[in-house]
2 protein chains.
Amino acid sequence: MKITTRSRYGTRMMVELAAHYDQGPLQIGEISRKQGLSVKYLEQLIIPLKRAGLVRSVRGPKGGHILTRPPEEITVWDVVSVLEGSKGVTLCVPNPDICERSHICPTRDVWSLVSKAIRETLSQITLADLVKKTKEVEKHFPEAGCPLEGEGQGADEPVDSSLTSG
Amino acid sequence: MKITTRSRYGTRMMVELAAHYDQGPLQIGEISRKQGLSVKYLEQLIIPLKRAGLVRSVRGPKGGHILTRPPEEITVWDVVSVLEGSKGVTLCVPNPDICERSHICPTRDVWSLVSKAIRETLSQITLADLVKKTKEVEKHFPEAGCPLEGEGQGADEPVDSSLTSG
DNA sequence: AAAGTTGTCTAATCAAAAAATATATTATAG
DNA sequence: CTATAATATATTTTTTGATTAGACAACTTT
């Protein structure tokens with residue numbers, strides 16, 4: 001029941017792209033620096049986001065990545081559902097057929113409701129909301145982004161591993 | 001973002017205990033047989049449930065386990081929160097202190113909302129609800145419980161492993 | 001009191017998935 | 001051309017979820 005780093009880092013990356021939306025392509029290296037996340041890992045995460053049509057990329061110098069739609073039109077659910085894949089909170093929720101009794105299983109209904117609650121929650125939050133909140137906060141705390149988020153570690157500045165263990 | 005077998009199997013066990021509530025202690029062996037779950041695993045899961053005061057146990061022959069409260073008064077959230085521990089959907093949600101910037105992190109708020117949505121959903125479902133649903137369904141399909149639930153495997157009858165992989 | 005049943009506890013093992021890293025290749029602006 | 005940045009693939013490392021094992025403790029029944 002843990003939200004994976006794929007979803008969390010991916011969302012942070014998308015928020016960076018959103019904040020940069022009207023300023024042309026943004027490079028992974030930039031995102032990495034600002035968010036303290038590994039370049040290599042972000043490169044992996046952006047592939048499914050591209051395939052899903054949320055991001056497009058420009059190669060070569062001055063290249064980078066840019067959202068295909070304005071941040072107001074991309075929800076966190078759009079991002080998370082792509083990065084989590086179609087696995088669902090339980091195998092039997094998206095694929096009832098793998099269990100012959102899915103249609104009579106009372107606990108399966110419970111997990112379906114959880115799945116629905118998550119989807120509905122995340123569908124109500126857009127990248128624009130998060131950018132806005134970031135900027136409001138930066139007025140009061142003039143330093144940049146969120147370098148850790150609990151356990152993310154800096155690309156160049158490894159963090160004390162006691163933070164990353166749990 | 002997967003619900004662990006701890007929560008799923010644990011909930012199924014608690015539903016069995018709920019169904020047996022007014023008939024004295026129920027043995028793990030029985031639950032294992034009816035639900036097709038490993039005795040050894042269930043034994044582990046029941047310990048935190050006891051510590052949390054949801055279950056009490058009777059040793060020796062004719063012993064077993066019994067809910068400390070009627071099924072109407074135990075929600076799925078009671079069960080799941082015990083079995084998942086206090087880890088939360090993200091480390092920084094229950095322990096803001098592990099990240100110096102939790103209070104200004106916009107994505108942390110998102111995961112907090114997810115956490116809240118899950119909690120509220122599961123708090124509205126009681127074990128009695130699930131027992132009731134089980135019995136309704138059994139009227140139409142006179143065979144017993146849900147042996148698989150997607151990937152749970154029978155204690156004595158191992159399932160084709162292609163089911164258990166994802 | 002003996003025997004046998006059931007729960008309790010700790011440890012060890014296994015497997016899968018998540019997370020992170022490495023290398024080589026392709027496109028393109030300048 | 002050359003430097004930059006994306007793309008693709010592969011590999012490694014780490015974590016943790018899941019499962020199994022065995023010794024021990026409590027209790028009921030006879």
# chains A, B, ... in the order shown; residues from 1 in each chain; ligands from 1

$ closest_atom_pairs --of "chain A" --to "chain D" --cutoff "10 Å" --atoms "only C-alpha atoms (C1' of nucleotides)" --output "CSV"
residue,atom,partner,partner_atom,distance
A:Gln27,CA,D:DA5,C1',7.7
A:Ile28,CA,D:DA5,C1',8.7
A:Gly29,CA,D:DA5,C1',9.0
A:Glu43,CA,D:DA6,C1',8.6
A:Gln44,CA,D:DT7,C1',9.8
A:Ile47,CA,D:DT7,C1',9.0
A:Ser57,CA,D:DA6,C1',7.6
A:Val58,CA,D:DA6,C1',7.3
A:Arg59,CA,D:DA6,C1',5.1
A:Gly60,CA,D:DA5,C1',4.8
A:Pro61,CA,D:DT4,C1',4.4
A:Lys62,CA,D:DA5,C1',7.6
A:Gly63,CA,D:DA5,C1',6.2
A:Gly64,CA,D:DA5,C1',7.1
A:His65,CA,D:DA6,C1',9.1
A:Ser165,CA,D:DT15,C1',8.6
A:Gly166,CA,D:DT15,C1',9.4

$ write_last_selection --atoms "C-alpha atoms" --output "compact mmCIF listing (two decimals), in the first residue's frame"
# COMPACT_ATOMS: atom_id res chain seq x y z
CA GLN A 27 15.86 19.14 -19.94
CA ILE A 28 15.95 16.11 -17.70
CA GLY A 29 19.22 17.37 -16.28
CA GLU A 43 14.79 9.11 -18.28
CA GLN A 44 13.07 5.80 -17.67
CA ILE A 47 9.21 7.07 -21.69
CA SER A 57 10.50 15.63 -26.63
CA VAL A 58 13.04 17.53 -28.67
CA ARG A 59 16.45 16.00 -29.26
CA GLY A 60 19.82 17.60 -29.46
CA PRO A 61 21.23 20.74 -27.89
CA LYS A 62 18.57 23.08 -26.52
CA GLY A 63 16.31 20.07 -26.58
CA GLY A 64 14.27 18.72 -23.74
CA HIS A 65 10.72 17.80 -22.89
CA SER A 165 15.68 2.94 4.53
CA GLY A 166 12.07 2.72 5.69

$ closest_atom_pairs --of "chain A" --to "chain B" --cutoff "6 Å" --atoms "only C-alpha atoms" --output "Markdown table"
| residue | atom | partner | partner_atom | distance |
| --- | --- | --- | --- | --- |
| A:Met1 | CA | B:Ile3 | CA | 4.7 |
| A:Lys2 | CA | B:Val89 | CA | 4.3 |
| A:Ile3 | CA | B:Met1 | CA | 4.7 |
| A:Val89 | CA | B:Lys2 | CA | 4.3 |
| A:Thr90 | CA | B:Lys2 | CA | 6.0 |
| A:Leu91 | CA | B:Gly150 | CA | 5.7 |
| A:Cys92 | CA | B:Gly150 | CA | 4.6 |
| A:Ile98 | CA | B:Gly150 | CA | 5.8 |
| A:Cys99 | CA | B:Gly150 | CA | 5.0 |
| A:Cys105 | CA | B:Cys146 | CA | 5.9 |
| A:Pro106 | CA | B:Leu130 | CA | 5.9 |
| A:Val114 | CA | B:Ile118 | CA | 5.8 |
| A:Ala117 | CA | B:Ala117 | CA | 5.9 |
| A:Ile118 | CA | B:Val114 | CA | 5.8 |
| A:Leu130 | CA | B:Pro106 | CA | 5.9 |
| A:Cys146 | CA | B:Cys105 | CA | 5.8 |
| A:Glu149 | CA | B:Cys99 | CA | 5.9 |
| A:Gly150 | CA | B:Cys92 | CA | 4.8 |

$ atom_distance --atom1 "atom C1' of C:DA29" --atom2 "atom CA of A:Thr68"
22.0 Å

$ interface_residues --of "chain C" --to "chain B" --cutoff "9 Å" --atoms "only C-alpha atoms (C1' of nucleotides)" --output "ChimeraX atom specification"
/C:4-8,16

$ write_last_selection --atoms "C-alpha atoms (C1' of nucleotides)" --output "short mmCIF file (atom, residue, chain, number, x, y, z; two decimals), in the first residue's frame"
data_model
loop_
_atom_site.label_atom_id
_atom_site.label_comp_id
_atom_site.auth_asym_id
_atom_site.auth_seq_id
_atom_site.Cartn_x
_atom_site.Cartn_y
_atom_site.Cartn_z
"C1'" DG C 4 -2.46 -34.32 22.32
"C1'" DT C 5 -4.16 -30.06 20.35
"C1'" DT C 6 -3.79 -25.32 19.48
"C1'" DG C 7 -1.76 -20.89 19.84
"C1'" DT C 8 2.93 -18.09 20.29
"C1'" DA C 16 9.74 -10.77 -7.06
#

$ atom_distance --atom1 "atom CA of B:Pro70" --atom2 "atom CA of B:Met14"
11.4 Å
